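The file upload-v4.csv comes next; it holds CSV, C-alpha atoms and all ligand atoms.
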```csv
chain,number,residue,atom,x,y,z
C,108,MET,CA,-70.4,-94.3,135.3
C,109,LYS,CA,-68.2,-93.0,132.6
C,110,LEU,CA,-64.4,-92.7,133.3
C,111,ILE,CA,-61.9,-90.4,131.6
C,112,ALA,CA,-58.3,-91.7,131.4
C,113,PRO,CA,-55.8,-89.1,130.1
C,114,SER,CA,-52.8,-90.9,128.4
C,115,ILE,CA,-49.5,-89.4,129.4
C,116,LEU,CA,-48.1,-90.3,126.1
C,117,SER,CA,-49.1,-86.8,124.9
C,118,ALA,CA,-48.0,-85.0,128.1
C,119,ASP,CA,-44.9,-82.8,128.3
C,120,PHE,CA,-42.3,-85.2,129.8
C,121,THR,CA,-40.1,-82.4,131.0
C,122,ARG,CA,-42.9,-81.5,133.3
C,123,LEU,CA,-44.5,-85.0,133.9
C,124,LYS,CA,-45.4,-84.5,137.5
C,125,GLU,CA,-47.1,-81.1,136.9
C,126,GLU,CA,-48.9,-82.6,133.9
C,127,ILE,CA,-50.3,-85.5,135.9
C,128,GLN,CA,-51.3,-83.3,138.8
C,129,ALA,CA,-52.9,-80.9,136.4
C,130,VAL,CA,-55.2,-83.6,134.9
C,131,GLU,CA,-55.9,-85.0,138.4
C,132,ALA,CA,-57.0,-81.5,139.5
C,133,ALA,CA,-59.0,-81.2,136.2
C,134,GLY,CA,-61.1,-84.3,137.1
C,135,ALA,CA,-59.3,-87.2,135.5
C,136,ASP,CA,-60.4,-90.7,136.8
C,137,TRP,CA,-57.4,-92.8,135.8
C,138,ILE,CA,-53.9,-92.1,134.5
C,139,HIS,CA,-53.2,-94.2,131.4
C,140,ALA,CA,-49.6,-95.2,130.9
C,141,ASP,CA,-48.6,-96.5,127.4
C,142,VAL,CA,-45.6,-99.0,127.6
C,143,MET,CA,-44.1,-99.7,124.2
C,144,ASP,CA,-41.0,-101.9,123.4
C,145,GLY,CA,-40.2,-101.1,119.8
C,146,HIS,CA,-41.0,-104.8,118.9
C,147,PHE,CA,-44.7,-105.4,119.4
C,148,VAL,CA,-45.3,-101.8,118.2
C,149,PRO,CA,-42.9,-99.6,116.2
C,150,ASN,CA,-42.4,-97.1,119.0
C,151,ILE,CA,-40.5,-97.1,122.4
C,152,THR,CA,-41.7,-95.3,125.4
C,153,PHE,CA,-41.0,-96.2,129.1
C,154,GLY,CA,-40.9,-99.0,131.6
C,155,PRO,CA,-41.6,-99.6,135.3
C,156,MET,CA,-39.2,-96.9,136.5
C,157,VAL,CA,-41.5,-94.2,135.0
C,158,VAL,CA,-44.6,-95.9,136.3
C,159,GLU,CA,-43.0,-95.8,139.8
C,160,ALA,CA,-42.5,-92.0,139.3
C,161,VAL,CA,-46.1,-91.6,138.2
C,162,ARG,CA,-47.2,-93.4,141.3
C,163,LYS,CA,-45.5,-90.8,143.4
C,164,ALA,CA,-47.1,-88.0,141.6
C,165,THR,CA,-50.8,-89.0,141.9
C,166,ALA,CA,-53.3,-90.8,144.1
C,167,LEU,CA,-55.4,-91.8,141.0
C,168,PRO,CA,-55.4,-95.4,139.7
C,169,ILE,CA,-52.6,-96.0,137.1
C,170,ASP,CA,-53.8,-97.9,134.1
C,171,VAL,CA,-50.8,-99.6,132.5
C,172,HIS,CA,-51.2,-100.6,128.8
C,173,LEU,CA,-48.5,-103.0,127.9
C,174,MET,CA,-47.7,-102.9,124.1
C,175,ILE,CA,-44.8,-105.3,124.5
C,176,THR,CA,-43.9,-108.8,123.3
C,177,ALA,CA,-44.2,-111.6,126.0
C,178,PRO,CA,-45.7,-109.2,128.6
C,179,GLU,CA,-45.8,-112.0,131.2
C,180,ARG,CA,-42.1,-111.3,131.9
C,181,TYR,CA,-42.8,-107.8,133.3
C,182,ILE,CA,-46.2,-108.1,135.1
C,183,ALA,CA,-44.6,-108.3,138.6
C,184,ASP,CA,-42.3,-105.3,137.9
C,185,PHE,CA,-45.2,-103.1,136.8
C,186,ALA,CA,-47.4,-104.3,139.7
C,187,ARG,CA,-44.5,-103.5,142.1
C,188,ALA,CA,-44.1,-100.1,140.5
C,189,GLY,CA,-47.7,-99.2,141.5
C,190,ALA,CA,-49.9,-100.2,138.5
C,191,SER,CA,-53.6,-100.4,139.5
C,192,THR,CA,-54.7,-102.1,136.3
C,193,ILE,CA,-52.5,-103.9,133.8
C,194,CYS,CA,-53.7,-104.8,130.4
C,195,VAL,CA,-52.0,-107.1,127.8
C,196,HIS,CA,-52.7,-107.5,124.1
C,197,VAL,CA,-54.4,-110.8,123.2
C,198,GLU,CA,-52.0,-110.8,120.1
C,199,SER,CA,-49.0,-110.8,122.4
C,200,CYS,CA,-50.0,-113.7,124.7
C,201,VAL,CA,-49.6,-117.3,124.0
C,202,HIS,CA,-51.1,-118.3,127.3
C,203,LEU,CA,-53.6,-115.5,127.8
C,204,ASN,CA,-55.5,-117.1,130.7
C,205,ARG,CA,-52.3,-117.7,132.6
C,206,THR,CA,-51.1,-114.1,132.1
C,207,VAL,CA,-54.4,-112.7,133.3
C,208,GLN,CA,-54.1,-114.8,136.4
C,209,LEU,CA,-50.5,-113.5,136.9
C,210,ILE,CA,-51.8,-110.0,136.8
C,211,ARG,CA,-54.4,-110.7,139.5
C,212,ASP,CA,-51.9,-112.7,141.6
C,213,ALA,CA,-49.6,-109.7,141.4
C,214,GLY,CA,-52.3,-107.5,143.0
C,215,ALA,CA,-53.4,-105.5,139.9
C,216,ARG,CA,-56.8,-105.6,138.1
C,217,PRO,CA,-56.4,-107.4,134.8
C,218,GLY,CA,-57.6,-106.3,131.3
C,219,VAL,CA,-57.1,-107.6,127.8
C,220,VAL,CA,-56.6,-105.4,124.7
C,221,LEU,CA,-57.8,-106.1,121.2
C,222,ASN,CA,-56.1,-104.6,118.2
C,223,PRO,CA,-58.4,-103.1,115.5
C,224,ALA,CA,-58.3,-106.2,113.3
C,225,THR,CA,-58.6,-108.8,116.1
C,226,PRO,CA,-62.0,-110.6,116.3
C,227,VAL,CA,-63.9,-109.7,119.5
C,228,GLU,CA,-64.5,-113.5,119.7
C,229,ALA,CA,-60.8,-114.0,120.7
C,230,ILE,CA,-61.6,-113.1,124.3
C,231,ARG,CA,-64.9,-115.0,124.8
C,232,TRP,CA,-63.4,-117.6,127.1
C,233,VAL,CA,-61.2,-115.3,129.1
C,234,LEU,CA,-63.9,-112.6,129.6
C,235,GLU,CA,-65.1,-113.8,133.0
C,236,TYR,CA,-61.6,-113.5,134.4
C,237,LEU,CA,-61.2,-109.8,133.4
C,238,ASP,CA,-62.1,-106.5,135.1
C,239,PHE,CA,-62.1,-104.8,131.7
C,240,VAL,CA,-61.5,-105.1,128.0
C,241,LEU,CA,-59.6,-102.4,126.1
C,242,VAL,CA,-60.7,-101.9,122.5
C,243,MET,CA,-58.1,-100.3,120.4
C,244,SER,CA,-59.7,-97.8,118.0
C,245,VAL,CA,-56.3,-97.0,116.3
C,246,ASN,CA,-53.4,-99.2,115.5
C,247,PRO,CA,-51.2,-99.1,118.7
C,248,GLY,CA,-47.9,-97.2,118.7
C,249,PHE,CA,-48.6,-93.5,118.4
C,250,GLY,CA,-50.9,-90.8,119.8
C,251,GLY,CA,-52.8,-88.4,117.6
C,252,GLN,CA,-54.2,-90.9,115.1
C,253,ALA,CA,-57.7,-90.9,113.6
C,254,PHE,CA,-60.4,-93.0,115.1
C,255,ILE,CA,-61.2,-96.1,113.0
C,256,PRO,CA,-64.9,-95.9,112.3
C,257,ASN,CA,-65.7,-99.7,112.6
C,258,SER,CA,-64.5,-99.6,116.2
C,259,ILE,CA,-68.1,-98.6,117.0
C,260,ALA,CA,-69.4,-102.0,115.8
C,261,ARG,CA,-66.7,-103.8,117.6
C,262,ILE,CA,-67.5,-102.1,120.9
C,263,ALA,CA,-71.2,-102.9,120.4
C,264,ALA,CA,-70.4,-106.6,119.7
C,265,LEU,CA,-68.3,-106.8,122.8
C,266,ARG,CA,-71.1,-105.1,124.9
C,267,ARG,CA,-73.5,-107.8,123.6
C,268,MET,CA,-71.1,-110.5,124.6
C,269,ILE,CA,-70.6,-109.1,128.1
C,270,SER,CA,-74.4,-108.8,128.6
C,271,GLU,CA,-75.1,-112.3,127.3
C,272,LYS,CA,-72.7,-113.7,129.8
C,273,GLY,CA,-74.3,-111.6,132.6
C,274,LEU,CA,-70.9,-109.9,133.5
C,275,ASN,CA,-70.1,-106.4,134.5
C,276,THR,CA,-66.7,-106.2,132.7
C,277,LEU,CA,-65.8,-102.6,131.8
C,278,ILE,CA,-65.2,-101.6,128.2
C,279,GLU,CA,-62.3,-99.2,127.7
C,280,VAL,CA,-61.6,-97.5,124.4
C,281,ASP,CA,-58.2,-96.2,123.3
C,282,GLY,CA,-57.3,-94.1,120.2
C,283,GLY,CA,-58.8,-91.1,118.6
C,284,VAL,CA,-61.1,-90.3,121.4
C,285,SER,CA,-62.2,-86.6,121.3
C,286,THR,CA,-65.2,-84.4,121.7
C,287,GLN,CA,-66.0,-85.3,118.0
C,288,THR,CA,-66.1,-89.1,118.6
C,289,ILE,CA,-66.8,-89.7,122.3
C,290,ALA,CA,-70.6,-89.5,122.2
C,291,GLU,CA,-70.9,-92.3,119.6
C,292,ILE,CA,-68.3,-94.4,121.4
C,293,SER,CA,-70.2,-94.1,124.6
C,294,ALA,CA,-73.5,-94.9,123.1
C,295,ALA,CA,-72.0,-98.2,121.7
C,296,GLY,CA,-71.4,-99.2,125.3
C,297,ALA,CA,-67.9,-98.0,126.4
C,298,ASP,CA,-67.3,-97.1,130.0
C,299,VAL,CA,-63.6,-95.9,130.1
C,300,PHE,CA,-62.2,-93.4,127.6
C,301,VAL,CA,-58.5,-93.0,127.1
C,302,ALA,CA,-57.6,-89.6,125.6
C,303,GLY,CA,-54.1,-88.4,124.9
C,304,SER,CA,-53.9,-85.6,122.4
C,305,ALA,CA,-57.5,-84.5,123.0
C,306,ILE,CA,-56.6,-83.6,126.6
C,307,PHE,CA,-52.9,-82.8,126.6
C,308,LYS,CA,-52.9,-80.7,123.4
C,309,SER,CA,-55.9,-78.7,124.7
C,310,SER,CA,-55.4,-75.3,126.4
C,311,ASN,CA,-57.7,-76.0,129.3
C,312,TYR,CA,-57.6,-79.6,130.7
C,313,ARG,CA,-60.6,-79.0,133.0
C,314,GLN,CA,-62.8,-77.7,130.2
C,315,THR,CA,-61.8,-80.6,127.9
C,316,ILE,CA,-62.3,-83.3,130.5
C,317,GLU,CA,-65.7,-81.8,131.5
C,318,ALA,CA,-66.7,-81.6,127.8
C,319,LEU,CA,-65.6,-85.3,127.2
C,320,ARG,CA,-67.5,-86.5,130.3
C,321,ARG,CA,-70.7,-84.5,129.3
C,322,MET,CA,-70.6,-85.8,125.8
C,323,ALA,CA,-70.1,-89.4,127.1
C,324,GLY,CA,-73.3,-88.9,129.0
C,325,GLY,CA,-72.0,-88.7,132.6
C,401,LIG,C1,-51.7,-95.6,121.2
C,401,LIG,C2,-51.9,-95.5,122.8
C,401,LIG,C3,-52.9,-94.5,123.2
C,401,LIG,C4,-52.6,-93.1,122.8
C,401,LIG,C5,-53.9,-92.5,122.4
C,401,LIG,O1,-50.9,-96.7,120.9
C,401,LIG,O2,-52.3,-96.8,123.3
C,401,LIG,O3,-53.1,-94.6,124.6
C,401,LIG,O4,-52.0,-92.3,123.8
C,401,LIG,O5,-53.6,-91.2,121.9
C,401,LIG,P1,-54.8,-90.3,121.3
C,401,LIG,O6,-55.8,-90.1,122.4
C,401,LIG,O7,-54.0,-89.1,120.9
C,401,LIG,O8,-55.4,-91.0,120.1
C,402,ZN,ZN,-53.0,-96.9,125.4
```
So that I can check it, write out the structure of this file as C-alpha cells.
Amino acid sequence: MKLIAPSILSADFTRLKEEIQAVEAAGADWIHADVMDGHFVPNITFGPMVVEAVRKATALPIDVHLMITAPERYIADFARAGASTICVHVESCVHLNRTVQLIRDAGARPGVVLNPATPVEAIRWVLEYLDFVLVMSVNPGFGGQAFIPNSIARIAALRRMISEKGLNTLIEVDGGVSTQTIAEISAAGADVFVAGSAIFKSSNYRQTIEALRRMAGG
C-alpha cells in the first residue's frame, strides 16, 4: 500500500483549513507537518499550536516531522496537539533510543529521519522500535528543492536492512517527490511519499494525487 502525504509547508497559510480539507477530499492519506526551529535547519515554521489547529481541520493522521534541536523537549506537546506520528532526526538526538520510547509513551507512532549524508547504518539498532523511517531526499529546511539522485540507493539499502531483520517498518521519502521522480522512488522500496510543492503548486489536487499514486504503483 502506497501512501501520499501532502506537506502543508507549500500550502497557502492564509487558507490553511481549506487547503487541508482540499487535499483530504482529493485523496491524501496523511497530512505532513514540517516543524523547523531556525537552529537545526535554517528556516522557521510553526509549533504545536498550529498542529492543534490542523488536528481540528482533518480526520487524517498528522505526520509531524521535527527539524529541531533536542526534539525530546517537545514530544509531549506535539503528541498532545494531536500528532499521529512523530519523527525525529538521528542527527539531532543524543539518546535516540530513549527519544523513540518517549514518542511511543506519549501515544504517537515513532519514526526516525536520515539526512541525505547520514549513513543508513546509523539506525540499524533502533529500527525494531520504529514504525517508519523517513529518508530525506533533499537537505531539510525548504520546499521545492531538487531530488538528490543517490537517495534511490539509500532507500534500497534501507529496504534491504528492513527485510534482513524481518521487520515491516515503513519507508517514507521527503523532498523533491513529483510525478517525475515517484516511480523510481517507489520501485526502490518506499511506502509513504511526502509531496509539498508537487501537490500544493498544482492546479488540481485530486488529479495530482491520483497521478502520484498511480505512478507509485498503487
Ligand atoms: C523539507 C521538508 C519537506 C518539504 C518537501 O525540509 O521536510 O517536507 O515540504 O517539499 P517538496 O515536496 O516541495 O520538495
Ligand atoms: Zn518534511
- Item | atom CA of C:Asn204 to atom CA of C:Val233, straight-line distance in Å | 6.2 Å
- Task: With all atoms listed in the file counted, collect every polymer residue having an atom within 8 Å of ligand LIG 401 (chain C); state the result as a PyMOL selection string.
- Result: chain C and resi 113-117+139-141+172+174+243+245-254+281-285+301-306
- Determine the nearest neighbour of ligand ZN 402 (chain C) from the options C:Thr165, C:Gln128, C:Thr121, C:Asn222, counting only C-alpha atoms and all ligand atoms.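 For ligand ZN 402 (chain C), the nearest of the candidates is C:Asn222.
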- Message: Env of stretch 182-194 of chain C: 6 Å cut, atoms = all atoms listed in the file, seq-sep filter 5 positions within chain, self excluded. Answer as a ChimeraX atom specification.
- Response: /C:155,158-159,162,168-172,213,215-219
- Task: Could you give me, as a count of residues only, the residues within 12 Å of C:His202, counting only C-alpha atoms and dropping anything in the same chain fewer than 5 positions from it?
- Result: 10
- Query: Counting only C-alpha atoms, which of C:Val130, C:Ala135, C:Leu110, C:Leu274 gets nearest to C:Met322?
  - Reply: C:Leu110
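In this model, the gap between atom CA of C:Ala263 and atom CA of C:Ala295 comes to 4.9 Å.
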- Task: May I ask for the distance between atom CA of C:Val227 and atom CA of C:Ala264, given in Å to one decimal place?
- Result: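 Interatomic distance here is 7.2 Å.
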- Message: Let me make sure I understand: among C:Tyr312, C:Phe147, C:Trp137, C:Trp232, which one has the smallest atom-to-atom distance to C:Met268 if we use only C-alpha atoms?
- Response: C:Trp232
- Tell me which of C:Met156, C:Val280, C:Ile262, C:Met108 sits closest to ligand ZN 402 (chain C), counting only C-alpha atoms and all ligand atoms.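 Of all the options, C:Val280 lies closest to ligand ZN 402 (chain C).
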- Message: Measuring between only C-alpha atoms and all ligand atoms, which one of C:Glu198, C:Glu279, C:Glu291, C:Glu317 shows the shortest distance to ligand ZN 402 (chain C)?
- Response: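 Ranking C:Glu198, C:Glu279, C:Glu291, C:Glu317 by distance to ligand ZN 402 (chain C), first place goes to C:Glu279.
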